[in-house]
Amino acid sequence: MPWRDSWDPRTQWEGQGDFSAGKGTFLLNGKPFVIKAAELHYPRIPKAYWDQRIKMCKALGMNTVCLYVFWNSHEPQPGVFDFTGQNDLAEFCRLCQQNDMYVILRPGPYVCAEWEMGGLPWWLLKKKDIRLRESDPYFMERVGIFEKAVAEQVAGMTIQNGGPIIMVQVENEYGSYGEDKGYVSQIRDIVRANYPGVALFQCDWASNFTKNGLHDLVWTMNFGTGANIDQQFAPLKKLRPDSPLMCSEFWSGWFDKWGANHETRPAADMIAGIDEMLSKGISFSLYMTHGGTNWGHWAGANSPGFAPDVTSYDYDAPISESGQTTPKYWELRKALSKYMNGEKQAKVPALIKPIRIPSFLFTEMAPLFDNLPAAKKDRNIRTMEEYNQGFGSILYRTTLPEMKTPSLLTVNDAHDYAQVFLDGKYIGKLDRRNGEKQLEFPACPKGARLDILVEAMGRINFGRAIKDFKGITQSVELTVDIDGRPFTCNLKDWEVYNLEDTYDFYKNMKFQPIGSLKDELGQRIPGCYRATFKVNKPSDTFLNFETWGKGLVYVNGHAMGRIWKIGPQQTLYIPGCWLKKGENEVIVFDIIGPKEAKSEGLSEPLLDQLLVTKPLTHRNEGENLDLSGEQPVLSDSFNPGNGWQERKFGQPVTGRYVCLEALSAQDGKDLACIAEMYLLNENGERLSREPWIVNYADSEDVSHVNCSADKIFDLQESTYWSTTKDTPYPHAVVIDLGSTRTLTGIQYLPRMESEVPGGIKDFKVYVKSKAFNY
């Protein structure tokens with residue numbers, strides 16, 4: 001429904017207003033205005049709780065809500081738009097205004113946000129040659145259609161029309177994706193046409209904002225807690241000395257990934273940064289003030305490599321995933337009380353008290369292999385998208401030739417978690433996170449059945465890898481040794497079963513009473529499991545899935561999110577507003593099968609319970625890098641201080657394995673840290689880091705901040721590799737580039753803090769064609 005048809009005049013502020021960038025400050029109706037924005041995302045919060053969450057932000061002392069608009073949530077199929085219920089963007093903006101909060105609108109089209117494909121809709125990938133976030137005709141056509149649909153909902157709610165929207169963002173951190181002012185200009189023109197007269201801005205990092213900075217837009221910076229704030233704004237102040245300053249994403253915490261520890265950030269760093277910015281009249285948006293939940297299949301994944309995000313988007317934010325106040329909340333509220341301009345902070349609204357639900361058993365199951373949909377027949381392997389499937393799992397089935405001896409099965413590539421079965425017997429799994437592509441395959445008779453069950457997790461949401469197809473993306477091969485020579489067979493003639501992630505698909509399976517949780521081969525049974533549980537007085541709870549395998553959960557038809565036994569998340573947040581008094585239904589689609597088919601409702605979440613056998617570090621027990629006899633290609637020193645530094649090699653060198661050996665620290669202490677590192681090719685340009693793998697690091701702090709060595713190339717300047725504090729120099733990290741490359745130099749970024757903890761001074765670089773010795 002367009003805004004003009006649904007606007008309640010009782011919520012309109014008096015008359016028309018104006019918001020603009022003045023000399024050294026933002027101007028609201030002609031008067032200086034410092035933005036104190038709380039980032040929260042309406043699709044991540046139950047609609048019934050929107051008002052309470054906005055009030056909690058207001059009570060902190062915030063005056064603005066900053067929000068993304070998620071394209072894929074609003075346009076699930078081309079031309080099919082949804083702005084109802086959980087997607088009612090206009091209603092969310094109205095609630096902000098009713099609570100005397102302005103709104104900063106961030107309509108993308110790309111938003112990142114650790115959200116599936118960065119907010120871009122999966123169906124764009126049905127056009128396999130599409131160029132995402134570029135001047136691709138089809139992409140730009142769809143962007144224009146989507147942005148117009150959003151504007152029909154909220155363009156009439158700008159401050160010029162008496163509404164709460166004071167600024168609108170153009171694209172999102174494009175400098176971390178590429179350099180294309182032409183494309184960014186096209187997005188600006190689309191946004192400007194839909195929101196005439198509104199202040200437009202673009203955000204990026206201090207290190208790259210000039211790549212795509214347009215002269216007629218406000219420029220804002222994004223950086224994390226602990227950063228050297230003067231250093232972050234110095235390049236902008238040099239280019240635009242009269243520009244108002246704003247940190248449009250001040251990262252309060254960080255997001256969690258499956259198979260890694262729960263992330264936390266110190267409250268003191270957050271408070272110090274906000275206090276410094278406000279004391280200097282700098283505006284900010286706290287990302288996240290309240291993170292919420294990646295319901296259903298909406299959690300994204302990060303790159304390089306593949307690092308899928310968990311369901312919880314708690315983010316270690318001041319307001320927890322379930323809307324509870326945290327110690328960070330109260331410390332921030334106290335800090336912001338100094339910057340209220342004589343106004344009194346609003347009262348903190350009543351919190352929702354979580355309940356416990358007694359343990360209950362699942363009583364019904366629907367084995368997956370007994371409930372397959374109709375098969376499609378195909379000569380060749382195709383991706384999910386080519387079968388018009390966006391989410392869920394997909395089963396590829398074929399019959400095999402006679403294999404008299406064991407062989408090697410290669411899947412190129414399984415996106416994202418594949419289980420392989422031979423005549424129903426489980427052979428093994430291929431986990432994209434670990435780069436697994438091959439399995440030892442047993443001998444088999446002619447006509448044996450090969451099943452490959454692939455579960456798609458969230459599409460990558462950051463960097464060039466967002467073009468992330470699901471299912472099997474290329475081929476399946478069997479390699480057998482014949483008379484001492486390898487022979488490879490590219491398997492053809494597939495039956496394909498599309499297992500859509502929808503409540504209707506799961507509930508319509510044929511359920512039966514649970515007898516045993518294992519089949520006749522002694523294997524856990526993939527499929528759907530159903531239970532009911534009773535609630536006397538509905539309220540929030542956290543369902544425990546510690547005994548389950550891997551899959552998705554629905555409660556009363558609501559998609560609650562993903563579960564995975566590896567953790568760190570073991571519970572799912574269940575909002576009380578989605579529960580009923582009396583009987584409630586829960587369905588779990590588990591692609592592995594549960595160890596015990598049971599659950600219970602806890603009053604607190606389990607977000608920090610990691611159960612993985614693979615170490616989080618990159619050094620085998622007893623392993624020590626041996627550099628004796630190796631000749632460095634560069635021996636040099638970095639300068640003290642923040643910011644990127646570059647050092648060139650004396651001449652081009654060729655190799656696949658690169659070792660950076662840190663010999664000393666700027667402060668003379670033991671700690672060594674690297675926020676980001678690039679290598680330069682023969683043309684002096686940055687190499688793509690997509691294929692990079694850490695082979696070795698002498699020390700990594702993976703306790704609670706996940707400062708492992710892969711943070712050197714995770715495309716995030718606020719995360720970093722850190723050694724443990726008790727490990728003396730020298731320190732070394734070895735990277736496999738994935739192929740032999742010609743190299744001419746190195747770029748290094750230390751940590752963002754003004755003290756530059758772990759800043760490296762003296763160092764050496766080694767490059768080899770063969771692996772280093774340990």
# chains A, B, ... in the order shown; residues from 1 in each chain; ligands from 1

call {"tool": "residues_around", "arguments": {"residues": "Asn508 in chain A", "least_positions_apart": "6", "cutoff": "12 Å", "atoms": "only C-alpha atoms", "output": "list in words"}}
result
Met365, Ala366, Leu368, Asn371, Leu372, Pro373, Thr502, Cys528, Arg530 and Ile587 of chain A

call {"tool": "residues_around", "arguments": {"residues": "Phe81 in chain A", "least_positions_apart": "3", "cutoff": "12 Å", "atoms": "only C-alpha atoms", "output": "list in words"}}
result
Met1, Phe70, Trp71, Asn72, Ser73, His74, Glu75, Pro76, Gln77, Pro78, Thr84, Asn87, Asp88, Pro121, Ile145, Phe146, Glu147, Lys148, Ala149, Val150, Glu152 and Gln153 of chain A

call {"tool": "write_last_selection", "arguments": {"atoms": "C-alpha atoms", "output": "PDB file, in the first residue's frame"}}
result
ATOM      1  CA  MET A   1       0.000   0.000   0.000  1.00  0.00           C
ATOM      2  CA  PHE A  70      16.585  -5.825   2.132  1.00  0.00           C
ATOM      3  CA  TRP A  71      15.771  -6.258  -1.549  1.00  0.00           C
ATOM      4  CA  ASN A  72      15.553 -10.063  -1.444  1.00  0.00           C
ATOM      5  CA  SER A  73      13.082  -9.982   1.436  1.00  0.00           C
ATOM      6  CA  HIS A  74      10.815  -7.534  -0.383  1.00  0.00           C
ATOM      7  CA  GLU A  75      10.975  -9.045  -3.901  1.00  0.00           C
ATOM      8  CA  PRO A  76      11.128 -12.855  -3.531  1.00  0.00           C
ATOM      9  CA  GLN A  77      10.360 -13.321  -7.238  1.00  0.00           C
ATOM     10  CA  PRO A  78      10.753 -10.803 -10.083  1.00  0.00           C
ATOM     11  CA  THR A  84       3.355  -6.547   4.568  1.00  0.00           C
ATOM     12  CA  ASN A  87       8.292  -6.408   5.694  1.00  0.00           C
ATOM     13  CA  ASP A  88       6.119  -3.379   6.439  1.00  0.00           C
ATOM     14  CA  PRO A 121      17.720 -11.504  -4.649  1.00  0.00           C
ATOM     15  CA  ILE A 145      12.127  -1.375 -10.526  1.00  0.00           C
ATOM     16  CA  PHE A 146      12.931  -2.288  -6.921  1.00  0.00           C
ATOM     17  CA  GLU A 147      13.952   1.210  -5.835  1.00  0.00           C
ATOM     18  CA  LYS A 148      10.749   2.636  -7.299  1.00  0.00           C
ATOM     19  CA  ALA A 149       8.700   0.058  -5.367  1.00  0.00           C
ATOM     20  CA  VAL A 150      10.448   1.044  -2.113  1.00  0.00           C
ATOM     21  CA  GLU A 152       6.192   4.112  -3.356  1.00  0.00           C
ATOM     22  CA  GLN A 153       6.124   2.988   0.266  1.00  0.00           C
TER      23      GLN A 153
END

call {"tool": "select_by_dssp", "arguments": {"residues": "range 573-725 of chain A", "states": "strand (DSSP E or B)", "output": "number ranges by chain"}}
result
A: 573-574, 582-590, 598-602, 626, 634-637, 645-662, 665, 673-674, 676-680, 686, 693-697, 701, 707, 721-722

call {"tool": "residues_around", "arguments": {"residues": "Thr724 in chain A", "least_positions_apart": "2", "cutoff": "7 Å", "atoms": "only C-alpha atoms", "output": "list of chain:residue names"}}
result
A:Leu671, A:Ser699, A:Glu700, A:Asp701, A:Ser722, A:Asp726, A:Thr727

call {"tool": "write_last_selection", "arguments": {"atoms": "N, CA and C atoms", "output": "PDB file, in the first residue's frame"}}
result
ATOM      1  N   LEU A 671      53.655  -8.743  21.230  1.00  0.00           N
ATOM      2  CA  LEU A 671      52.476  -8.901  20.376  1.00  0.00           C
ATOM      3  C   LEU A 671      52.758  -8.519  18.927  1.00  0.00           C
ATOM      4  N   SER A 699      51.555 -18.325  16.103  1.00  0.00           N
ATOM      5  CA  SER A 699      50.721 -18.024  17.267  1.00  0.00           C
ATOM      6  C   SER A 699      49.454 -17.319  16.796  1.00  0.00           C
ATOM      7  N   GLU A 700      48.298 -17.670  17.387  1.00  0.00           N
ATOM      8  CA  GLU A 700      47.009 -17.044  17.047  1.00  0.00           C
ATOM      9  C   GLU A 700      46.146 -16.991  18.302  1.00  0.00           C
ATOM     10  N   ASP A 701      45.590 -15.833  18.564  1.00  0.00           N
ATOM     11  CA  ASP A 701      44.687 -15.671  19.701  1.00  0.00           C
ATOM     12  C   ASP A 701      43.258 -15.938  19.224  1.00  0.00           C
ATOM     13  N   SER A 722      46.176 -11.725  15.480  1.00  0.00           N
ATOM     14  CA  SER A 722      46.945 -11.351  16.663  1.00  0.00           C
ATOM     15  C   SER A 722      47.590 -12.584  17.256  1.00  0.00           C
ATOM     16  N   ASP A 726      51.733 -13.962  25.296  1.00  0.00           N
ATOM     17  CA  ASP A 726      52.873 -14.583  25.975  1.00  0.00           C
ATOM     18  C   ASP A 726      53.853 -15.242  25.001  1.00  0.00           C
ATOM     19  N   THR A 727      53.737 -14.953  23.706  1.00  0.00           N
ATOM     20  CA  THR A 727      54.604 -15.572  22.707  1.00  0.00           C
ATOM     21  C   THR A 727      55.579 -14.540  22.159  1.00  0.00           C
TER      22      THR A 727
END

call {"tool": "closest_residue", "arguments": {"among": "A:Phe649, A:Trp254, A:Trp219, A:Trp50", "to": "Lys237 in chain A", "atoms": "only C-alpha atoms"}}
result
A:Trp219

call {"tool": "residues_around", "arguments": {"residues": "Lys347 in chain A", "least_positions_apart": "3", "cutoff": "9 Å", "atoms": "only C-alpha atoms", "output": "PyMOL selection string"}}
result
chain A and resi 55-56+58-60+344

call {"tool": "closest_residue", "arguments": {"among": "A:Ile460, A:Leu422, A:Val653, A:Ile525", "to": "Asp370 in chain A", "atoms": "only C-alpha atoms"}}
result
A:Ile525

call {"tool": "closest_residue", "arguments": {"among": "A:Ala350, A:Val69, A:Ala199, A:Leu408", "to": "Gln438 in chain A", "atoms": "only C-alpha atoms"}}
result
A:Leu408

call {"tool": "residues_around", "arguments": {"residues": "Pro757 in chain A", "least_positions_apart": "6", "cutoff": "10 Å", "atoms": "only C-alpha atoms", "output": "list of chain:residue names"}}
result
A:Gly641, A:Ala665, A:Gln666, A:Asp667, A:Lys669, A:Leu671, A:Ala672, A:Cys673, A:Ile674, A:Ser722, A:Pro750, A:Arg751

call {"tool": "residues_around", "arguments": {"residues": "Ala732 in chain A", "least_positions_apart": "6", "cutoff": "9 Å", "atoms": "only C-alpha atoms", "output": "number ranges by chain"}}
result
A: 625, 659-663, 696-699

call {"tool": "write_last_selection", "arguments": {"atoms": "C-alpha atoms", "output": "compact mmCIF listing (two decimals), in the first residue's frame"}}
result
# COMPACT_ATOMS: atom_id res chain seq x y z
CA LEU A 625 58.67 -23.24 10.63
CA CYS A 659 56.00 -16.13 4.44
CA LEU A 660 55.93 -12.86 6.37
CA GLU A 661 58.38 -13.08 9.28
CA ALA A 662 57.92 -10.32 11.86
CA LEU A 663 61.17 -9.70 13.73
CA TYR A 696 50.99 -21.84 9.15
CA ALA A 697 51.00 -19.25 11.91
CA ASP A 698 53.29 -19.55 14.88
CA SER A 699 50.72 -18.02 17.27

call {"tool": "closest_residue", "arguments": {"among": "A:Gly296, A:Gly17, A:Gly108, A:Gly305", "to": "Pro164 in chain A", "atoms": "only C-alpha atoms"}}
result
A:Gly17

call {"tool": "residues_around", "arguments": {"residues": "Asp51 in chain A", "least_positions_apart": "4", "cutoff": "12 Å", "atoms": "only C-alpha atoms", "output": "PyMOL selection string"}}
result
chain A and resi 40+42+45-47+55-58+91-101+323+349-350

call {"tool": "write_last_selection", "arguments": {"atoms": "C-alpha atoms", "output": "short mmCIF file (atom, residue, chain, number, x, y, z; two decimals), in the first residue's frame"}}
result
data_model
loop_
_atom_site.label_atom_id
_atom_site.label_comp_id
_atom_site.auth_asym_id
_atom_site.auth_seq_id
_atom_site.Cartn_x
_atom_site.Cartn_y
_atom_site.Cartn_z
CA LEU A 40 18.38 -1.88 13.82
CA TYR A 42 12.98 -4.40 10.92
CA ILE A 45 12.78 -8.18 14.73
CA PRO A 46 9.25 -9.60 15.24
CA LYS A 47 6.81 -6.92 14.15
CA LYS A 55 11.74 2.76 22.57
CA MET A 56 14.82 1.00 23.96
CA CYS A 57 16.99 2.89 21.47
CA LYS A 58 15.27 6.15 22.35
CA GLU A 91 4.89 1.04 9.39
CA PHE A 92 8.35 0.72 10.92
CA CYS A 93 9.17 4.28 9.86
CA ARG A 94 5.87 5.49 11.29
CA LEU A 95 6.72 3.87 14.62
CA CYS A 96 10.09 5.63 14.60
CA GLN A 97 8.35 8.96 14.14
CA GLN A 98 5.79 8.21 16.83
CA ASN A 99 8.74 7.71 19.17
CA ASP A 100 10.35 11.03 18.09
CA MET A 101 13.11 9.28 16.16
CA GLY A 323 15.65 -7.42 23.32
CA PRO A 349 10.49 0.30 28.44
CA ALA A 350 9.46 -2.88 30.19
#

call {"tool": "decode", "arguments": {"residues": "range 610-655 of chain A", "atoms": "N, CA and C atoms", "output": "CSV table (one decimal), in the first residue's frame"}}
result
chain,number,residue,atom,x,y,z
A,610,LEU,N,31.0,-24.0,21.4
A,610,LEU,CA,31.7,-24.5,20.2
A,610,LEU,C,32.0,-26.0,20.4
A,611,LEU,N,31.6,-26.8,19.4
A,611,LEU,CA,31.8,-28.2,19.4
A,611,LEU,C,32.4,-28.7,18.1
A,612,VAL,N,33.7,-28.4,17.9
A,612,VAL,CA,34.4,-28.7,16.7
A,612,VAL,C,35.7,-29.5,17.1
A,613,THR,N,36.0,-30.4,16.2
A,613,THR,CA,37.2,-31.2,16.4
A,613,THR,C,38.4,-30.6,15.7
A,614,LYS,N,38.1,-29.8,14.6
A,614,LYS,CA,39.2,-29.2,13.9
A,614,LYS,C,39.7,-28.0,14.6
A,615,PRO,N,41.0,-27.8,14.9
A,615,PRO,CA,41.5,-26.6,15.6
A,615,PRO,C,41.2,-25.4,14.9
A,616,LEU,N,41.1,-24.3,15.6
A,616,LEU,CA,40.8,-23.0,15.0
A,616,LEU,C,42.1,-22.3,14.6
A,617,THR,N,43.3,-22.9,14.9
A,617,THR,CA,44.6,-22.3,14.6
A,617,THR,C,45.2,-23.0,13.4
A,618,HIS,N,46.3,-22.5,12.9
A,618,HIS,CA,46.9,-23.0,11.7
A,618,HIS,C,48.3,-23.5,11.9
A,619,ARG,N,48.5,-24.3,13.0
A,619,ARG,CA,49.8,-24.9,13.3
A,619,ARG,C,49.6,-26.3,13.9
A,620,ASN,N,50.1,-27.3,13.2
A,620,ASN,CA,50.0,-28.6,13.7
A,620,ASN,C,50.8,-28.8,15.0
A,621,GLU,N,50.4,-29.8,15.8
A,621,GLU,CA,51.2,-30.0,17.0
A,621,GLU,C,52.6,-30.4,16.7
A,622,GLY,N,53.6,-29.7,17.4
A,622,GLY,CA,55.0,-30.0,17.2
A,622,GLY,C,55.6,-29.3,15.9
A,623,GLU,N,54.8,-28.6,15.2
A,623,GLU,CA,55.2,-28.0,14.0
A,623,GLU,C,56.0,-26.7,14.2
A,624,ASN,N,57.1,-26.5,13.6
A,624,ASN,CA,57.9,-25.3,13.7
A,624,ASN,C,58.5,-24.9,12.4
A,625,LEU,N,58.2,-23.7,11.9
A,625,LEU,CA,58.7,-23.2,10.6
A,625,LEU,C,60.2,-23.2,10.6
A,626,ASP,N,60.8,-23.8,9.6
A,626,ASP,CA,62.2,-23.8,9.4
A,626,ASP,C,62.6,-22.9,8.3
A,627,LEU,N,63.2,-21.7,8.6
A,627,LEU,CA,63.6,-20.8,7.6
A,627,LEU,C,65.1,-20.8,7.4
A,628,SER,N,65.8,-21.7,8.0
A,628,SER,CA,67.3,-21.8,7.8
A,628,SER,C,67.6,-22.1,6.3
A,629,GLY,N,68.5,-21.4,5.8
A,629,GLY,CA,68.8,-21.6,4.4
A,629,GLY,C,68.0,-20.9,3.4
A,630,GLU,N,66.8,-20.3,3.9
A,630,GLU,CA,65.9,-19.6,3.0
A,630,GLU,C,66.4,-18.1,2.8
A,631,GLN,N,66.3,-17.6,1.6
A,631,GLN,CA,66.7,-16.2,1.3
A,631,GLN,C,65.5,-15.3,1.2
A,632,PRO,N,65.4,-14.3,2.0
A,632,PRO,CA,64.3,-13.4,1.9
A,632,PRO,C,64.3,-12.6,0.6
A,633,VAL,N,63.2,-12.3,0.0
A,633,VAL,CA,63.1,-11.4,-1.1
A,633,VAL,C,63.0,-9.9,-0.7
A,634,LEU,N,62.8,-9.7,0.6
A,634,LEU,CA,62.7,-8.4,1.2
A,634,LEU,C,63.0,-8.4,2.6
A,635,SER,N,63.9,-7.5,3.1
A,635,SER,CA,64.2,-7.3,4.5
A,635,SER,C,64.0,-5.8,4.7
A,636,ASP,N,63.1,-5.4,5.5
A,636,ASP,CA,62.7,-3.9,5.6
A,636,ASP,C,62.1,-3.7,7.0
A,637,SER,N,61.6,-2.4,7.1
A,637,SER,CA,60.9,-2.0,8.4
A,637,SER,C,59.7,-1.3,8.0
A,638,PHE,N,58.6,-1.4,8.8
A,638,PHE,CA,57.4,-0.6,8.6
A,638,PHE,C,57.5,0.6,9.5
A,639,ASN,N,56.8,1.6,9.1
A,639,ASN,CA,56.8,2.9,9.9
A,639,ASN,C,55.8,2.7,11.1
A,640,PRO,N,56.0,3.4,12.2
A,640,PRO,CA,55.0,3.4,13.2
A,640,PRO,C,53.7,4.2,12.8
A,641,GLY,N,52.6,3.9,13.5
A,641,GLY,CA,51.4,4.6,13.2
A,641,GLY,C,50.3,3.8,12.4
A,642,ASN,N,49.2,4.4,12.2
A,642,ASN,CA,48.1,3.8,11.5
A,642,ASN,C,48.2,4.0,10.0
A,643,GLY,N,47.3,3.2,9.3
A,643,GLY,CA,47.2,3.4,7.9
A,643,GLY,C,48.0,2.4,7.1
A,644,TRP,N,47.6,2.3,5.8
A,644,TRP,CA,48.3,1.4,4.9
A,644,TRP,C,49.7,1.7,4.6
A,645,GLN,N,50.6,0.7,4.5
A,645,GLN,CA,52.0,0.9,4.1
A,645,GLN,C,52.3,0.0,3.0
A,646,GLU,N,53.2,0.4,2.1
A,646,GLU,CA,53.6,-0.4,0.9
A,646,GLU,C,55.1,-0.5,0.8
A,647,ARG,N,55.5,-1.7,0.6
A,647,ARG,CA,57.0,-1.9,0.3
A,647,ARG,C,57.1,-2.8,-0.9
A,648,LYS,N,58.0,-2.3,-1.8
A,648,LYS,CA,58.3,-3.0,-3.1
A,648,LYS,C,59.5,-4.0,-2.9
A,649,PHE,N,59.4,-5.1,-3.6
A,649,PHE,CA,60.6,-6.0,-3.7
A,649,PHE,C,61.6,-5.4,-4.6
A,650,GLY,N,62.9,-5.8,-4.5
A,650,GLY,CA,63.9,-5.3,-5.3
A,650,GLY,C,63.7,-5.6,-6.8
A,651,GLN,N,63.1,-6.8,-7.1
A,651,GLN,CA,62.8,-7.2,-8.4
A,651,GLN,C,61.6,-8.2,-8.3
A,652,PRO,N,60.9,-8.4,-9.5
A,652,PRO,CA,59.8,-9.4,-9.4
A,652,PRO,C,60.3,-10.8,-9.0
A,653,VAL,N,59.4,-11.5,-8.3
A,653,VAL,CA,59.7,-12.9,-7.8
A,653,VAL,C,58.5,-13.7,-8.2
A,654,THR,N,58.7,-15.0,-8.3
A,654,THR,CA,57.7,-15.9,-8.7
A,654,THR,C,57.6,-17.0,-7.6
A,655,GLY,N,56.4,-17.3,-7.2
A,655,GLY,CA,56.2,-18.4,-6.2
A,655,GLY,C,54.7,-18.5,-5.8
